$ cat query-v5.cif   # mmCIF, C-alpha atoms
data_structure
loop_
_atom_site.label_atom_id
_atom_site.label_comp_id
_atom_site.auth_asym_id
_atom_site.auth_seq_id
_atom_site.Cartn_x
_atom_site.Cartn_y
_atom_site.Cartn_z
CA MET A 1 -43.13 103.55 -12.60
CA LEU A 2 -42.24 99.91 -11.86
CA LYS A 3 -42.11 97.66 -14.90
CA LEU A 4 -42.96 93.96 -14.68
CA TYR A 5 -41.76 91.58 -17.39
CA SER A 6 -44.39 88.91 -17.15
CA PHE A 7 -46.10 86.01 -18.92
CA LEU A 8 -49.81 86.02 -18.11
CA PRO A 9 -50.42 82.28 -17.51
CA SER A 10 -47.41 82.06 -15.15
CA GLY A 11 -48.24 81.71 -11.48
CA ASN A 12 -44.82 83.11 -10.65
CA CYS A 13 -45.75 86.34 -12.43
CA TYR A 14 -49.25 86.34 -10.93
CA LYS A 15 -47.76 86.47 -7.41
CA ILE A 16 -46.29 89.87 -8.19
CA ARG A 17 -49.35 91.28 -9.97
CA LEU A 18 -51.49 90.22 -7.00
CA LEU A 19 -49.18 91.80 -4.43
CA LEU A 20 -48.69 95.03 -6.40
CA THR A 21 -52.47 95.33 -6.77
CA GLN A 22 -53.04 94.73 -3.06
CA LEU A 23 -50.36 97.31 -2.28
CA SER A 24 -52.06 99.74 -4.70
CA ILE A 25 -48.73 100.27 -6.48
CA PRO A 26 -49.18 101.08 -10.18
CA PHE A 27 -46.95 99.20 -12.62
CA GLU A 28 -46.44 98.70 -16.32
CA ARG A 29 -46.75 95.13 -17.54
CA VAL A 30 -44.55 94.01 -20.42
CA GLU A 31 -45.68 90.67 -21.82
CA VAL A 32 -42.86 88.20 -22.56
CA ASN A 33 -44.03 85.10 -24.40
CA ILE A 34 -41.78 82.35 -23.09
CA ILE A 35 -43.26 79.86 -25.59
CA ASN A 36 -41.69 81.89 -28.40
CA GLY A 37 -38.36 82.08 -26.58
CA GLU A 38 -38.78 85.76 -25.78
CA SER A 39 -37.11 85.31 -22.35
CA ARG A 40 -33.96 83.91 -24.02
CA THR A 41 -33.19 86.70 -26.48
CA PRO A 42 -29.82 88.50 -26.08
CA GLU A 43 -31.75 91.61 -25.12
CA PHE A 44 -33.78 89.90 -22.41
CA LEU A 45 -30.73 88.12 -21.02
CA THR A 46 -29.30 91.52 -20.12
CA LYS A 47 -32.27 91.86 -17.73
CA ASN A 48 -32.07 88.30 -16.35
CA PRO A 49 -29.06 86.21 -17.39
CA ASN A 50 -30.99 83.13 -16.22
CA GLY A 51 -33.52 83.69 -19.03
CA ARG A 52 -36.66 83.46 -16.94
CA ILE A 53 -39.67 85.58 -16.10
CA PRO A 54 -40.77 87.39 -14.00
CA VAL A 55 -38.32 90.27 -13.86
CA LEU A 56 -39.02 93.53 -12.06
CA GLU A 57 -37.47 96.75 -13.35
CA THR A 58 -37.29 99.48 -10.72
CA GLU A 59 -37.80 103.15 -11.37
CA SER A 60 -34.03 103.62 -11.40
CA GLY A 61 -33.63 100.90 -14.04
CA GLN A 62 -32.35 98.06 -11.85
CA PHE A 63 -33.50 94.51 -12.54
CA LEU A 64 -34.60 91.90 -10.04
CA ALA A 65 -35.44 88.28 -10.90
CA GLU A 66 -36.97 85.32 -9.00
CA SER A 67 -40.62 85.75 -8.10
CA ASN A 68 -40.21 85.15 -4.38
CA ALA A 69 -37.28 87.56 -4.10
CA ILE A 70 -39.42 90.16 -5.85
CA ILE A 71 -42.42 89.76 -3.52
CA PHE A 72 -40.11 89.87 -0.50
CA TYR A 73 -38.59 93.11 -1.81
CA LEU A 74 -41.96 94.70 -2.50
CA SER A 75 -43.48 93.68 0.82
CA GLU A 76 -40.74 94.87 3.19
CA GLY A 77 -42.22 97.41 5.56
CA THR A 78 -45.81 96.53 4.65
CA GLN A 79 -48.56 94.48 6.32
CA PHE A 80 -47.73 91.59 3.97
CA LEU A 81 -44.38 90.81 5.66
CA PRO A 82 -44.12 90.48 9.45
CA GLN A 83 -41.76 92.80 11.33
CA ASP A 84 -40.68 90.03 13.71
CA ARG A 85 -37.40 88.47 12.64
CA PHE A 86 -38.40 84.85 13.25
CA LEU A 87 -41.77 85.24 11.55
CA ARG A 88 -40.00 86.79 8.55
CA ALA A 89 -37.70 83.75 8.46
CA GLN A 90 -40.77 81.48 8.53
CA VAL A 91 -42.16 83.39 5.54
CA LEU A 92 -38.92 82.66 3.69
CA GLN A 93 -39.07 79.01 4.80
CA TRP A 94 -42.44 78.61 3.06
CA LEU A 95 -41.28 80.53 -0.01
CA PHE A 96 -38.25 78.25 -0.39
CA PHE A 97 -40.53 75.25 0.20
CA GLU A 98 -42.70 76.56 -2.62
CA GLN A 99 -39.86 76.85 -5.12
CA TYR A 100 -38.15 73.56 -4.21
CA SER A 101 -40.89 71.13 -3.14
CA HIS A 102 -44.05 72.47 -4.81
CA GLU A 103 -43.57 74.52 -7.98
CA PRO A 104 -41.33 72.06 -9.90
CA PHE A 105 -44.05 69.41 -9.67
CA ILE A 106 -47.40 71.21 -9.58
CA ALA A 107 -46.65 74.16 -11.84
CA THR A 108 -44.83 72.06 -14.40
CA SER A 109 -47.67 69.52 -14.64
CA ARG A 110 -50.15 72.34 -15.18
CA PHE A 111 -47.96 73.87 -17.89
CA TRP A 112 -47.71 70.61 -19.86
CA ILE A 113 -51.34 69.59 -19.43
CA SER A 114 -53.37 72.80 -19.53
CA TYR A 115 -51.13 75.28 -21.27
CA LEU A 116 -49.27 73.22 -23.89
CA GLY A 117 -52.08 70.61 -24.09
CA LYS A 118 -49.49 67.82 -24.30
CA ALA A 119 -50.59 65.46 -21.51
CA GLU A 120 -49.96 62.43 -23.73
CA GLU A 121 -46.51 63.50 -24.89
CA TYR A 122 -45.34 64.27 -21.33
CA LYS A 123 -47.15 61.30 -19.76
CA ASP A 124 -44.12 59.72 -18.06
CA ALA A 125 -42.74 63.03 -16.78
CA ILE A 126 -46.16 64.00 -15.44
CA GLU A 127 -46.45 60.64 -13.70
CA GLN A 128 -43.09 61.22 -11.94
CA LYS A 129 -44.42 64.48 -10.55
CA ARG A 130 -47.56 63.03 -8.93
CA ALA A 131 -46.03 61.75 -5.69
CA PRO A 132 -43.85 64.79 -4.85
CA GLY A 133 -46.68 67.15 -5.85
CA TYR A 134 -49.14 65.39 -3.54
CA ALA A 135 -46.48 65.31 -0.81
CA ALA A 136 -46.22 69.11 -0.97
CA LEU A 137 -50.01 69.49 -0.84
CA THR A 138 -50.10 67.18 2.18
CA VAL A 139 -47.54 69.31 4.03
CA MET A 140 -49.74 72.34 3.32
CA GLU A 141 -52.94 70.54 4.35
CA ASP A 142 -51.45 69.44 7.67
CA HIS A 143 -50.31 72.99 8.41
CA LEU A 144 -53.63 74.55 7.42
CA GLN A 145 -55.61 72.16 9.59
CA GLN A 146 -54.19 74.10 12.51
CA HIS A 147 -53.61 77.56 11.06
CA ARG A 148 -55.67 80.07 9.10
CA PHE A 149 -52.64 81.31 7.16
CA PHE A 150 -49.07 80.09 6.77
CA VAL A 151 -47.26 82.47 9.11
CA GLY A 152 -48.38 84.37 12.19
CA GLU A 153 -52.10 83.76 11.59
CA GLN A 154 -52.18 86.62 9.11
CA TYR A 155 -52.20 86.93 5.31
CA THR A 156 -48.59 87.41 4.13
CA ILE A 157 -46.49 86.89 1.02
CA ALA A 158 -46.10 83.25 2.16
CA ASP A 159 -49.79 82.83 1.31
CA ILE A 160 -49.43 84.74 -1.95
CA GLY A 161 -46.42 82.63 -2.95
CA LEU A 162 -48.18 79.33 -2.23
CA PHE A 163 -51.59 80.40 -3.53
CA ALA A 164 -50.35 81.13 -7.05
CA TYR A 165 -49.94 77.53 -8.20
CA THR A 166 -52.02 75.76 -5.55
CA HIS A 167 -55.37 77.25 -6.51
CA VAL A 168 -54.86 76.10 -10.10
CA ALA A 169 -53.34 72.71 -9.18
CA HIS A 170 -56.37 70.96 -10.71
CA GLU A 171 -55.19 72.28 -14.09
CA GLY A 172 -52.23 69.94 -13.57
CA ASN A 173 -54.65 67.12 -12.65
CA PHE A 174 -54.05 67.34 -8.91
CA ASP A 175 -57.24 66.57 -7.03
CA LEU A 176 -57.81 69.33 -4.48
CA THR A 177 -61.03 67.79 -3.16
CA ARG A 178 -58.80 65.58 -1.00
CA PHE A 179 -57.57 68.66 0.85
CA PRO A 180 -60.40 70.45 2.69
CA ALA A 181 -58.12 72.72 4.72
CA ILE A 182 -56.38 73.91 1.53
CA GLN A 183 -59.77 74.57 -0.06
CA ALA A 184 -60.90 76.66 2.92
CA TRP A 185 -57.60 78.59 2.84
CA ILE A 186 -58.03 79.27 -0.90
CA LYS A 187 -61.37 80.89 -0.08
CA ARG A 188 -59.76 82.95 2.69
CA VAL A 189 -57.06 84.18 0.31
CA GLU A 190 -59.61 85.01 -2.37
CA SER A 191 -61.62 87.05 0.13
CA GLN A 192 -58.72 89.39 0.95
CA PRO A 193 -59.20 93.05 -0.03
CA LEU A 194 -58.17 93.94 -3.59
CA HIS A 195 -57.75 90.30 -4.63
CA ILE A 196 -57.39 89.72 -8.38
CA THR A 197 -57.58 86.42 -10.28
CA ILE A 198 -54.70 84.95 -12.30
CA GLU A 199 -56.48 86.02 -15.50
CA GLN A 200 -56.68 89.65 -14.41
CA THR A 201 -53.94 92.05 -15.37
CA MET B 1 -27.59 77.13 22.55
CA LEU B 2 -28.72 76.80 18.92
CA LYS B 3 -29.18 73.23 17.74
CA LEU B 4 -28.60 72.23 14.11
CA TYR B 5 -30.13 69.01 12.77
CA SER B 6 -27.70 68.23 10.01
CA PHE B 7 -26.31 65.52 7.72
CA LEU B 8 -22.59 66.03 7.28
CA PRO B 9 -22.21 65.40 3.52
CA SER B 10 -25.10 67.79 2.73
CA GLY B 11 -24.09 71.12 1.22
CA ASN B 12 -27.36 72.60 2.46
CA CYS B 13 -26.28 71.82 6.04
CA TYR B 14 -22.72 72.99 5.37
CA LYS B 15 -24.00 76.48 4.48
CA ILE B 16 -25.24 76.88 8.03
CA ARG B 17 -22.20 75.41 9.76
CA LEU B 18 -19.99 77.73 7.70
CA LEU B 19 -22.03 80.83 8.53
CA LEU B 20 -22.39 80.00 12.25
CA THR B 21 -18.62 79.46 12.43
CA GLN B 22 -17.88 82.75 10.67
CA LEU B 23 -20.32 84.49 13.02
CA SER B 24 -18.58 82.82 15.99
CA ILE B 25 -21.94 81.52 17.22
CA PRO B 26 -21.64 78.24 19.13
CA PHE B 27 -24.12 75.50 18.23
CA GLU B 28 -24.87 71.88 18.93
CA ARG B 29 -24.90 69.60 15.90
CA VAL B 30 -27.33 66.69 15.86
CA GLU B 31 -26.54 64.23 13.07
CA VAL B 32 -29.57 63.01 11.11
CA ASN B 33 -28.72 60.22 8.68
CA ILE B 34 -31.10 60.77 5.77
CA ILE B 35 -29.96 57.53 4.12
CA ASN B 36 -31.52 55.60 7.01
CA GLY B 37 -34.72 57.64 6.80
CA GLU B 38 -33.99 59.51 10.01
CA SER B 39 -35.50 62.73 8.61
CA ARG B 40 -38.82 60.96 7.97
CA THR B 41 -39.52 59.55 11.44
CA PRO B 42 -42.71 60.72 13.20
CA GLU B 43 -40.52 62.45 15.76
CA PHE B 44 -38.46 64.35 13.17
CA LEU B 45 -41.58 65.34 11.22
CA THR B 46 -42.70 67.34 14.26
CA LYS B 47 -39.58 69.51 13.66
CA ASN B 48 -39.98 69.72 9.87
CA PRO B 49 -43.19 68.31 8.36
CA ASN B 50 -41.44 68.33 4.98
CA GLY B 51 -39.02 65.67 6.25
CA ARG B 52 -35.80 67.34 5.20
CA ILE B 53 -32.61 68.56 6.78
CA PRO B 54 -31.25 71.03 7.80
CA VAL B 55 -33.46 72.23 10.62
CA LEU B 56 -32.42 74.89 13.11
CA GLU B 57 -33.80 74.77 16.65
CA THR B 58 -33.63 78.12 18.42
CA GLU B 59 -32.87 78.59 22.10
CA SER B 60 -36.60 79.00 22.75
CA GLY B 61 -37.35 75.68 21.01
CA GLN B 62 -38.72 76.99 17.72
CA PHE B 63 -37.87 75.14 14.50
CA LEU B 64 -36.85 76.64 11.17
CA ALA B 65 -36.33 74.63 7.96
CA GLU B 66 -34.93 75.43 4.48
CA SER B 67 -31.20 76.13 4.41
CA ASN B 68 -31.46 79.51 2.70
CA ALA B 69 -34.18 80.74 5.06
CA ILE B 70 -31.95 79.73 7.95
CA ILE B 71 -28.86 81.58 6.68
CA PHE B 72 -31.00 84.64 5.98
CA TYR B 73 -32.35 84.51 9.53
CA LEU B 74 -28.90 84.10 11.08
CA SER B 75 -27.28 86.83 8.99
CA GLU B 76 -29.80 89.63 9.52
CA GLY B 77 -28.00 92.56 11.11
CA THR B 78 -24.53 91.15 10.36
CA GLN B 79 -21.87 91.90 7.76
CA PHE B 80 -23.04 88.85 5.78
CA LEU B 81 -26.33 90.46 4.71
CA PRO B 82 -26.42 93.98 3.23
CA GLN B 83 -28.49 96.65 4.98
CA ASP B 84 -29.63 98.13 1.68
CA ARG B 85 -33.08 96.88 0.71
CA PHE B 86 -32.33 96.28 -2.97
CA LEU B 87 -29.03 94.53 -2.26
CA ARG B 88 -30.85 92.30 0.24
CA ALA B 89 -33.36 91.45 -2.49
CA GLN B 90 -30.48 90.58 -4.83
CA VAL B 91 -29.11 88.23 -2.16
CA LEU B 92 -32.49 86.50 -2.11
CA GLN B 93 -32.56 86.42 -5.91
CA TRP B 94 -29.33 84.39 -5.94
CA LEU B 95 -30.51 82.15 -3.09
CA PHE B 96 -33.71 81.32 -4.98
CA PHE B 97 -31.63 80.78 -8.13
CA GLU B 98 -29.52 78.34 -6.13
CA GLN B 99 -32.47 76.27 -4.93
CA TYR B 100 -34.36 76.27 -8.23
CA SER B 101 -31.77 76.32 -11.02
CA HIS B 102 -28.61 74.91 -9.39
CA GLU B 103 -29.10 72.55 -6.44
CA PRO B 104 -31.63 70.16 -8.05
CA PHE B 105 -29.10 69.36 -10.79
CA ILE B 106 -25.63 69.75 -9.29
CA ALA B 107 -26.27 68.55 -5.73
CA THR B 108 -28.39 65.62 -6.85
CA SER B 109 -25.75 64.41 -9.33
CA ARG B 110 -23.10 64.56 -6.61
CA PHE B 111 -25.32 62.63 -4.21
CA TRP B 112 -25.92 59.78 -6.67
CA ILE B 113 -22.35 59.60 -7.98
CA SER B 114 -20.11 60.34 -5.02
CA TYR B 115 -22.24 59.62 -2.00
CA LEU B 116 -24.38 56.65 -3.04
CA GLY B 117 -21.80 55.45 -5.60
CA LYS B 118 -24.59 54.59 -8.05
CA ALA B 119 -23.52 56.44 -11.21
CA GLU B 120 -24.48 53.45 -13.37
CA GLU B 121 -27.91 52.92 -11.82
CA TYR B 122 -28.82 56.61 -12.11
CA LYS B 123 -27.16 57.06 -15.51
CA ASP B 124 -30.21 58.43 -17.37
CA ALA B 125 -31.27 60.74 -14.56
CA ILE B 126 -27.71 62.08 -14.24
CA GLU B 127 -27.59 62.67 -17.99
CA GLN B 128 -30.79 64.75 -17.79
CA LYS B 129 -29.16 66.98 -15.21
CA ARG B 130 -26.06 67.84 -17.25
CA ALA B 131 -27.51 70.64 -19.39
CA PRO B 132 -29.40 72.53 -16.65
CA GLY B 133 -26.45 72.10 -14.27
CA TYR B 134 -24.01 73.57 -16.79
CA ALA B 135 -26.52 76.33 -17.57
CA ALA B 136 -26.49 77.35 -13.89
CA LEU B 137 -22.69 77.32 -13.80
CA THR B 138 -22.62 79.46 -16.94
CA VAL B 139 -24.89 82.06 -15.35
CA MET B 140 -22.53 82.16 -12.38
CA GLU B 141 -19.42 82.34 -14.57
CA ASP B 142 -20.81 85.27 -16.57
CA HIS B 143 -21.62 87.15 -13.38
CA LEU B 144 -18.26 86.43 -11.77
CA GLN B 145 -16.37 87.61 -14.84
CA GLN B 146 -17.47 91.09 -13.82
CA HIS B 147 -17.86 90.82 -10.05
CA ARG B 148 -15.72 89.57 -7.19
CA PHE B 149 -18.75 88.34 -5.24
CA PHE B 150 -22.43 87.86 -6.08
CA VAL B 151 -23.91 90.95 -4.45
CA GLY B 152 -22.50 94.38 -3.64
CA GLU B 153 -18.85 93.34 -4.25
CA GLN B 154 -18.69 91.86 -0.77
CA TYR B 155 -18.86 88.35 0.71
CA THR B 156 -22.48 87.65 1.73
CA ILE B 157 -24.77 84.68 2.32
CA ALA B 158 -25.39 84.68 -1.46
CA ASP B 159 -21.78 83.47 -1.80
CA ILE B 160 -22.18 80.99 1.05
CA GLY B 161 -25.38 79.62 -0.48
CA LEU B 162 -23.84 79.17 -3.92
CA PHE B 163 -20.43 78.00 -2.70
CA ALA B 164 -21.82 74.98 -0.83
CA TYR B 165 -22.54 72.81 -3.87
CA THR B 166 -20.46 74.63 -6.49
CA HIS B 167 -17.08 73.93 -4.96
CA VAL B 168 -17.86 70.19 -4.91
CA ALA B 169 -19.58 70.15 -8.32
CA HIS B 170 -16.76 67.94 -9.67
CA GLU B 171 -18.04 65.22 -7.29
CA GLY B 172 -21.13 65.22 -9.52
CA ASN B 173 -18.89 65.04 -12.61
CA PHE B 174 -19.27 68.70 -13.53
CA ASP B 175 -16.04 70.01 -15.04
CA LEU B 176 -15.15 73.23 -13.24
CA THR B 177 -11.97 73.79 -15.30
CA ARG B 178 -14.25 75.31 -17.96
CA PHE B 179 -15.13 78.10 -15.53
CA PRO B 180 -12.09 80.18 -14.57
CA ALA B 181 -14.08 82.98 -12.91
CA ILE B 182 -15.88 80.45 -10.70
CA GLN B 183 -12.55 78.89 -9.77
CA ALA B 184 -11.11 82.28 -8.77
CA TRP B 185 -14.26 83.02 -6.74
CA ILE B 186 -13.97 79.68 -4.95
CA LYS B 187 -10.45 80.70 -3.86
CA ARG B 188 -11.78 84.07 -2.67
CA VAL B 189 -14.51 82.40 -0.61
CA GLU B 190 -12.03 79.92 0.86
CA SER B 191 -9.75 82.77 1.90
CA GLN B 192 -12.42 84.48 4.03
CA PRO B 193 -11.72 84.64 7.79
CA LEU B 194 -12.86 81.61 9.80
CA HIS B 195 -13.61 79.54 6.70
CA ILE B 196 -14.21 75.84 7.32
CA THR B 197 -14.39 73.02 4.78
CA ILE B 198 -17.46 70.85 4.17
CA GLU B 199 -15.79 68.00 6.10
CA GLN B 200 -15.27 70.15 9.18
CA THR B 201 -17.87 70.18 11.89
#
$ encode --input "query-v5.cif" --output "structure tokens"
Amino acid sequence: MLKLYSFLPSGNCYKIRLLLTQLSIPFERVEVNIINGESRTPEFLTKNPNGRIPVLETESGQFLAESNAIIFYLSEGTQFLPQDRFLRAQVLQWLFFEQYSHEPFIATSRFWISYLGKAEEYKDAIEQKRAPGYAALTVMEDHLQQHRFFVGEQYTIADIGLFAYTHVAHEGNFDLTRFPAIQAWIKRVESQPLHITIEQT
Amino acid sequence: MLKLYSFLPSGNCYKIRLLLTQLSIPFERVEVNIINGESRTPEFLTKNPNGRIPVLETESGQFLAESNAIIFYLSEGTQFLPQDRFLRAQVLQWLFFEQYSHEPFIATSRFWISYLGKAEEYKDAIEQKRAPGYAALTVMEDHLQQHRFFVGEQYTIADIGLFAYTHVAHEGNFDLTRFPAIQAWIKRVESQPLHITIEQT
């Protein structure tokens, strides 16, 4: 059985739980508390030398890190990744956008504010993340004003990758009411078969 | 013919020029000077709403952004991307590592110090990027102490993606002499057939 090393509040880990559930693939979840440094122990570093979760362990005992690499791997050959070569590249374009232009601002703000409860301590850092975070949401809003989903007008891992931290962006004090197309897309994603919430395991 | 919207000093653009050259695929290069805001004009935003280079324009006039999505797209079905599904996922793992844990620290330092020549003005920001930049180089060093290349013991786009900013890391004041395995790997990458330098077009 697949094994997922995961930290429940992490959107990066949620992406994989959501996809595995929608693929009806059973998996074992191993909780790794990153607050206690559990992803930096010598033992965990043998699984991912970069010391981060999530990590997927295959049935043959191989390890794969980076959430978006993992969902690409799991979705190959399924309805969640287009067969067409250019559409597949567009999926990757949005997944790289997510990790470079979205996650470092929106996910990090949420972590400081809603998970650590240290909005005051991280005030300046959070302030620096407002403009780039809103810029990413604006890119998404503009795209979703003309498209139902991110790639090929169908629900793919591009949507899963972007949904994970966008639908909880308000927990990082980003105001989603400014973005009606994103809100409608969130509802479309949540209405997909076998959807689970970020709290569900 | 393929068209590449590119800014010459950018390592992200260099990845694509290097791969296209090694694939012997002719392309037209369109220079976009990001310093003058040329990637943020209304006209350029129709190509990439995220306002960044590189952007690839296909022969049918479609646009693709994000350097690592572009090299994945161009390398599918070639010797530069493994056929094996898990190896392909490992390539993506390293490409996401590059964009999340490497480029934001090493490329940005180089840009401020060697391109803008503003080491003094950006002193505090550069200082903040030392530890995560060296952490990324250490992850690479540890891997390369046991492997000739990043994935499958052969030269792939994982190497191209990581080479782009690593081999010029000293231009961001990162000391590569501490990393002998990285230095040996740089020589191996540079000795590949049809290699071009970052200055070559």
$ closest_atom_pairs --input "query-v5.cif" --of "chain B" --to "chain A" --cutoff "8 Å" --atoms "only C-alpha atoms" --output "JSON lines"
{"residue": "B:Pro49", "atom": "CA", "partner": "A:Val139", "partner_atom": "CA", "distance": 6.2}
{"residue": "B:Asn50", "atom": "CA", "partner": "A:Val139", "partner_atom": "CA", "distance": 6.3}
{"residue": "B:Leu64", "atom": "CA", "partner": "A:Gln90", "partner_atom": "CA", "distance": 6.8}
{"residue": "B:Ala65", "atom": "CA", "partner": "A:Gln93", "partner_atom": "CA", "distance": 6.1}
{"residue": "B:Glu66", "atom": "CA", "partner": "A:Gln93", "partner_atom": "CA", "distance": 5.5}
{"residue": "B:Asn68", "atom": "CA", "partner": "A:Phe96", "partner_atom": "CA", "distance": 7.6}
{"residue": "B:Ala69", "atom": "CA", "partner": "A:Gln93", "partner_atom": "CA", "distance": 5.2}
{"residue": "B:Ile70", "atom": "CA", "partner": "A:Ala89", "partner_atom": "CA", "distance": 7.0}
{"residue": "B:Phe72", "atom": "CA", "partner": "A:Ala89", "partner_atom": "CA", "distance": 7.2}
{"residue": "B:Tyr73", "atom": "CA", "partner": "A:Ala89", "partner_atom": "CA", "distance": 5.5}
{"residue": "B:Arg85", "atom": "CA", "partner": "A:Tyr73", "partner_atom": "CA", "distance": 7.1}
{"residue": "B:Phe86", "atom": "CA", "partner": "A:Tyr73", "partner_atom": "CA", "distance": 7.1}
{"residue": "B:Ala89", "atom": "CA", "partner": "A:Tyr73", "partner_atom": "CA", "distance": 5.5}
{"residue": "B:Gln90", "atom": "CA", "partner": "A:Leu64", "partner_atom": "CA", "distance": 6.8}
{"residue": "B:Leu92", "atom": "CA", "partner": "A:Ala69", "partner_atom": "CA", "distance": 5.3}
{"residue": "B:Gln93", "atom": "CA", "partner": "A:Ala69", "partner_atom": "CA", "distance": 5.2}
{"residue": "B:Phe96", "atom": "CA", "partner": "A:Glu66", "partner_atom": "CA", "distance": 6.5}
{"residue": "B:Phe97", "atom": "CA", "partner": "A:Glu66", "partner_atom": "CA", "distance": 7.1}
{"residue": "B:Gln99", "atom": "CA", "partner": "A:Tyr100", "partner_atom": "CA", "distance": 6.3}
{"residue": "B:Tyr100", "atom": "CA", "partner": "A:Tyr100", "partner_atom": "CA", "distance": 6.2}
{"residue": "B:Ala136", "atom": "CA", "partner": "A:Asn50", "partner_atom": "CA", "distance": 7.7}
{"residue": "B:Val139", "atom": "CA", "partner": "A:Pro49", "partner_atom": "CA", "distance": 6.2}
$ residues_around --input "query-v5.cif" --residues "segment 19-32 of chain A" --least-positions-apart "3" --cutoff "8 Å" --atoms "only C-alpha atoms" --output "PyMOL selection string"
chain A and resi 1-8+15-16+38-39+53+71+74-75+157+160+193-196
$ atom_distance --input "query-v5.cif" --atom1 "atom CA of Ala158 of chain A" --atom2 "atom CA of Tyr134 of chain A"
19.0 Å
$ closest_residue --input "query-v5.cif" --among "A:Pro180, A:Glu171, A:Pro132, A:Thr156" --to "Gly77 of chain A" --atoms "all atoms listed in the file"
A:Thr156
$ atom_distance --input "query-v5.cif" --atom1 "atom CA of Ala107 of chain A" --atom2 "atom CA of Leu137 of chain A"
12.4 Å
$ resolve_selection --input "query-v5.cif" --expression "the PyMOL selection byres ((chain A and resi 162-165) around 7)" --output "list in words"
Gly11, Asn12, Tyr14, Lys15, Glu98, Ile106, Ala107, Ala158, Asp159, Ile160, Gly161, Thr166, His167, Val168 and Ala169 of chain A
$ closest_residue --input "query-v5.cif" --among "A:Asp84, A:Val55, A:Ala184, A:Gln79" --to "Gln146 of chain A" --atoms "all atoms listed in the file"
A:Ala184
$ atom_distance --input "query-v5.cif" --atom1 "atom CA of Asp124 of chain A" --atom2 "atom CA of Glu120 of chain B"
21.1 Å
$ resolve_selection --input "query-v5.cif" --expression "the PyMOL selection byres ((chain B and resi 127) around 12)" --output "list in words"
Phe105, Ile106, Thr108, Ser109, Trp112, Ile113, Ala119, Glu120, Glu121, Tyr122, Lys123, Asp124, Ala125, Ile126, Gln128, Lys129, Arg130, Ala131, Pro132, Gly133, Tyr134, Gly172, Asn173 and Phe174 of chain B
$ closest_residue --input "query-v5.cif" --among "B:Thr46, B:Gly117, B:Tyr155, B:Glu141" --to "Leu176 of chain B" --atoms "all atoms listed in the file"
B:Glu141
$ build_atoms --input "query-v5.cif" --residues "segment 155-167 of chain B" --atoms "N, CA and C atoms" --output "mmCIF file, in the coordinates of the input"
data_model
loop_
_atom_site.group_PDB
_atom_site.id
_atom_site.type_symbol
_atom_site.label_atom_id
_atom_site.label_comp_id
_atom_site.auth_asym_id
_atom_site.auth_seq_id
_atom_site.Cartn_x
_atom_site.Cartn_y
_atom_site.Cartn_z
ATOM 1 N N TYR B 155 -18.508 89.730 0.349
ATOM 2 C CA TYR B 155 -18.860 88.350 0.710
ATOM 3 C C TYR B 155 -20.140 88.351 1.545
ATOM 4 N N THR B 156 -21.188 87.696 1.027
ATOM 5 C CA THR B 156 -22.480 87.650 1.730
ATOM 6 C C THR B 156 -22.992 86.203 1.754
ATOM 7 N N ILE B 157 -24.169 86.025 2.322
ATOM 8 C CA ILE B 157 -24.770 84.680 2.320
ATOM 9 C C ILE B 157 -25.139 84.221 0.903
ATOM 10 N N ALA B 158 -25.196 85.130 -0.075
ATOM 11 C CA ALA B 158 -25.390 84.680 -1.460
ATOM 12 C C ALA B 158 -24.189 83.834 -1.888
ATOM 13 N N ASP B 159 -22.987 84.253 -1.495
ATOM 14 C CA ASP B 159 -21.780 83.470 -1.800
ATOM 15 C C ASP B 159 -21.783 82.154 -1.026
ATOM 16 N N ILE B 160 -22.146 82.223 0.244
ATOM 17 C CA ILE B 160 -22.180 80.990 1.050
ATOM 18 C C ILE B 160 -23.172 79.999 0.450
ATOM 19 N N GLY B 161 -24.358 80.499 0.092
ATOM 20 C CA GLY B 161 -25.380 79.620 -0.480
ATOM 21 C C GLY B 161 -24.927 78.960 -1.768
ATOM 22 N N LEU B 162 -24.261 79.724 -2.631
ATOM 23 C CA LEU B 162 -23.840 79.170 -3.920
ATOM 24 C C LEU B 162 -22.555 78.351 -3.818
ATOM 25 N N PHE B 163 -21.707 78.707 -2.870
ATOM 26 C CA PHE B 163 -20.430 78.000 -2.700
ATOM 27 C C PHE B 163 -20.643 76.536 -2.318
ATOM 28 N N ALA B 164 -21.646 76.289 -1.474
ATOM 29 C CA ALA B 164 -21.820 74.980 -0.830
ATOM 30 C C ALA B 164 -21.766 73.814 -1.831
ATOM 31 N N TYR B 165 -22.542 73.904 -2.896
ATOM 32 C CA TYR B 165 -22.540 72.810 -3.870
ATOM 33 C C TYR B 165 -21.662 73.087 -5.083
ATOM 34 N N THR B 166 -21.295 74.341 -5.318
ATOM 35 C CA THR B 166 -20.460 74.630 -6.490
ATOM 36 C C THR B 166 -19.042 74.110 -6.305
ATOM 37 N N HIS B 167 -18.486 74.301 -5.120
ATOM 38 C CA HIS B 167 -17.080 73.930 -4.960
ATOM 39 C C HIS B 167 -16.877 72.416 -4.936
#
